[in-house]
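**Student:** So that we are looking at the same thing, I have put the structure below in structure tokens.
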Amino acid sequence: MTAGRSVAKLAGAGLAAGVVAAGLAVAPIGGAGMAIMAATDELKPVELKEPPLAEKSTVLDVSGKPLAQFYEVYREIVPLTGVAEVMKTAIIAIEDFRFYEHGPVDIQGMARALAKNLSAGGVSEGGSTITQQYVKQVLLNTAETSQEKDKAIEATYARKLNELRHAMWVEEKYTKDQILEKYLNIAYFGAGANGVEAAAKRFFGVSADELTLVQAATLAGAVQSPNSTDPAVGKEQRARLLERRNLVLDRMAQLGKISQEEAAEAKAKKLGYKGVPLPGGCEASKAAYFCMYVRNEILNDPSFGKTKTARKQFLERGGLTIATTLDPRMQAAADKAIKKRVFATDHPVAAQALVQPGTGQIKAMAASREYGSDKNEMSYNLVADVAHGGGIGFQPGSTYKTFTLVAALEQGMRVNDGMTVGAGYRASGYSSFKNCKGQPIGDPTHTVTNDEGSGGYKTLQTGTWGSVNTFFLELEARVGLCETVKTAKKLGSKRADGKPLGEFQTFTLGINESDPVTVASSYAALAARGKYCAPMAITAITDRDGKKTAFKPACRQAVDPEVADATAYVLSGVFTKGTMRGVGGIGRPAAGKTGTTDDYAAAWFAGFTPDLASAVSIGDPRGAQRYKLTGVTIGGRYYSLVAGSTIAGPIWQETMVQALKGTPATPFTPLNTARFGGGEPPPAQEETGEPESEPTGEPSQEPSGPPEEEPTDIPLEELTDLPEEGR
């Protein structure tokens, strides 16, 4: 077939390709040209694989407001009806003014471009249609390696011919409007903005359907060379973009799309680039730690992809709408209470999680430092475990005594059952404590003491209220270490670093590092009458096609409901007769437990109402065992000692008061006195101000050194002045 016949065949079909050069050439074009000529007999449509475009995913709070965005590239897909008419006009005028008249390629445009290419001895002008440009962008976006990316943009006739084959297929499958819509959504405009919607927001702070003539001309001018005209780079690039904008305006006037007067008026205006910041990831979110939790929930769940890479692409390219459990009002309450007492510049940090009983929904995650890479910011999740981007956590101290209390009640003990304990406790032998493998691990060589040296007769109530170390070591020995560990696991307890719980005799004193989400979830189970629900952050995910997948709470009955009721009954006395008496309650039924680790390395408070549970931790991320909470200044105030009721307790109190504001008070289910005994219930709690609480300490400890009791300011005679059955 001759070159002339090839051109005639293509033109008759309304098509043209690099082969047009052969028909127009007055001189041989070499091997590339001959290859093109030979290929014309086989020129036919070739299917273009069009995987979904990478589109940002949006995280919503419980009220449906955007909380954060995840994206590999910043893009928001919009229909053609969501693009201003002037934008469509501008892009067609400068890129392909005969777009609605020609087929896959513009014969006139290609002829003009090919003539220049031949004289230049290579490809110096593209002459590509919008359809061909769309094909090029698809191939570029689907390229995974650098070699594939280079091939997608290489200046060769072979690449142009490949584009033409795909363009023929695209023109057969879609209408012109559909092609234009696809092109406007895939095109890169510079400044990190992919697609016209993202570009309109990034450049001018408006949606694509709100673009003015000047703005539309600017964006239309940017697509030809988005890197050299990137306004975010500097003055030179902005000057080039301004020049390109004016060129677009002149072209629109030349084609009669606007008047010369309109063009002149528009050209007289400034560029108008606003540089609206790109949507931030978790570091820009008002709930950064919760955002990190959500991100890791998806990255760690195989149901979202077989590999971590696949899950990351699902999240950052999928255009998902992720509905979550975060309550902005509760988040604000936690943020305010923490920042009031612990400054971002303090070495120790405070962290808090709020969890809804009966669902496990995480309502808030807050910390005294922001998440980020700057000074006084944290690079990991202070509120969660390692699996959710967190660190190793802090030892929770006597908050773990609650698990021993639950185990005792499960085994039939009554709230006023007790025993006489000394000021110190030493295991009677190695067999006094056995781990869950049946191995004796008691340490008869070490004595655990109470901070104030107090001993005597203690019941489940008084021993808990006073957080007496020797009492809980004796209680753990009676109910069994393994049984206590199993109870803790049933209630969701685990180490923050993901390692197995350490099963030592001091388990009840809180030697296993944990995180606020985990501890709050365990206490939420008690609030829900023993129903443990795994922490939950995501309620639904809607994909780019509108398909919605809803998620339900993962719950199980962990302990007997009446056992949970009895535990709440005992723990409610902590506010009126125990270690939180100096701080007070929250004006409604509540229960909780303080926790202070060995030598004041960390301090906690965990508590709950039937409607909400929360846990607060304080420790030094530089190393809690090395940097103790003694002789420290926190929140502008000096503390000789920091314990659970010193700072964590007041943070918990203020957060819960504000978080539950407007929520009717729900009472606990009454204690089954026939099963667990009775006695006078704790007096009704009254909301207090914020009295100073004496520093207390009930240090927990590594297996090599047991924690001590958390002292209370309750006189000893008051603890012993109980009804006869309580002694």
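Letters A, B, ... go to the chains of the structure tokens in the order shown; residues in each chain start at 1; ligands are counted from 1 in the same order.
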List the neighbours of Gly480 of chain A out to 9 Å using only C-alpha atoms; skip same-chain residues closer than 3 positions along the sequence, and give me the result as a PyMOL selection string.

**Tutor:** chain A and resi 404+407+432-435+475-477+483-485

**Student:** Give me the residues near Tyr638 of chain A as a tab-separated table (two decimals) with C-alpha atoms, in the first residue's frame, where near means some atom within 12 Å (using only C-alpha atoms) and where sequence neighbours in that chain fewer than 2 positions away do not count.

**Tutor:**
```tsv
chain	number	residue	atom	x	y	z
A	341	ARG	CA	-3.81	20.83	83.23
A	342	VAL	CA	-0.99	19.57	81.01
A	346	ASP	CA	5.68	19.69	79.47
A	629	LEU	CA	6.49	12.03	88.04
A	630	THR	CA	8.30	13.41	91.06
A	631	GLY	CA	9.52	16.97	91.48
A	632	VAL	CA	7.96	17.95	88.16
A	633	THR	CA	6.20	21.02	86.81
A	634	ILE	CA	3.09	20.16	84.82
A	635	GLY	CA	0.66	22.69	83.43
A	636	GLY	CA	2.60	25.49	85.08
A	640	SER	CA	6.39	16.82	94.41
A	641	LEU	CA	4.48	13.66	93.51
A	642	VAL	CA	1.90	12.87	90.82
A	646	THR	CA	-3.58	14.34	91.24
A	647	ILE	CA	-4.04	15.21	87.55
A	695	PRO	CA	-0.36	13.74	95.73
```

**Student:** Figure out the distance between atom CA of Ala367 of chain A and atom CA of Leu315 of chain A, please, to one decimal in Å.

**Tutor:**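 Value for the atom CA of Leu315 of chain A-atom CA of Ala367 of chain A distance: 25.3 Å.
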
**Student:** Measuring between only C-alpha atoms, which one of A:Gly205, A:Pro621, A:Gly221, A:Pro279 shows the shortest distance to Arg75 of chain A?

**Tutor:** A:Pro279

**Student:** Write down as a PyMOL selection string the residues of segment 359-604 of chain A whose backbone DSSP state falls under strand (DSSP E).

**Tutor:** chain A and resi 362-367+370-371+377-378+418-421+424-426+447-449+456-459+531-533+538-542+548-550+555-557+591-596+602-604

**Student:** Dump as JSON lines the rows for residues of segment 246-316 of chain A within 12 Å of segment 544-561 of chain A: closest atom pair and distance in Å with one decimal, only C-alpha atoms counted, ordered by chain and rising residue number.

**Tutor:**
```
{"residue": "A:Ser303", "atom": "CA", "partner": "A:Thr549", "partner_atom": "CA", "distance": 11.8}
{"residue": "A:Phe304", "atom": "CA", "partner": "A:Thr549", "partner_atom": "CA", "distance": 11.4}
{"residue": "A:Phe314", "atom": "CA", "partner": "A:Arg544", "partner_atom": "CA", "distance": 10.9}
{"residue": "A:Leu315", "atom": "CA", "partner": "A:Arg544", "partner_atom": "CA", "distance": 11.4}
```

**Student:** If you count only C-alpha atoms, which residues fall within 9 Å of Gly280 of chain A, apart from same-chain ones fewer than 4 positions away, as a list of chain:residue names?

**Tutor:** A:Ala68, A:Gln69, A:Phe70, A:Ala284, A:Ser285

**Student:** Quick one: pull the distance between atom CA of Phe204 of chain A and atom CA of Ala220 of chain A, Å, one decimal.

**Tutor:**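 Computed distance, atom CA of Phe204 of chain A to atom CA of Ala220 of chain A, equals 13.6 Å.
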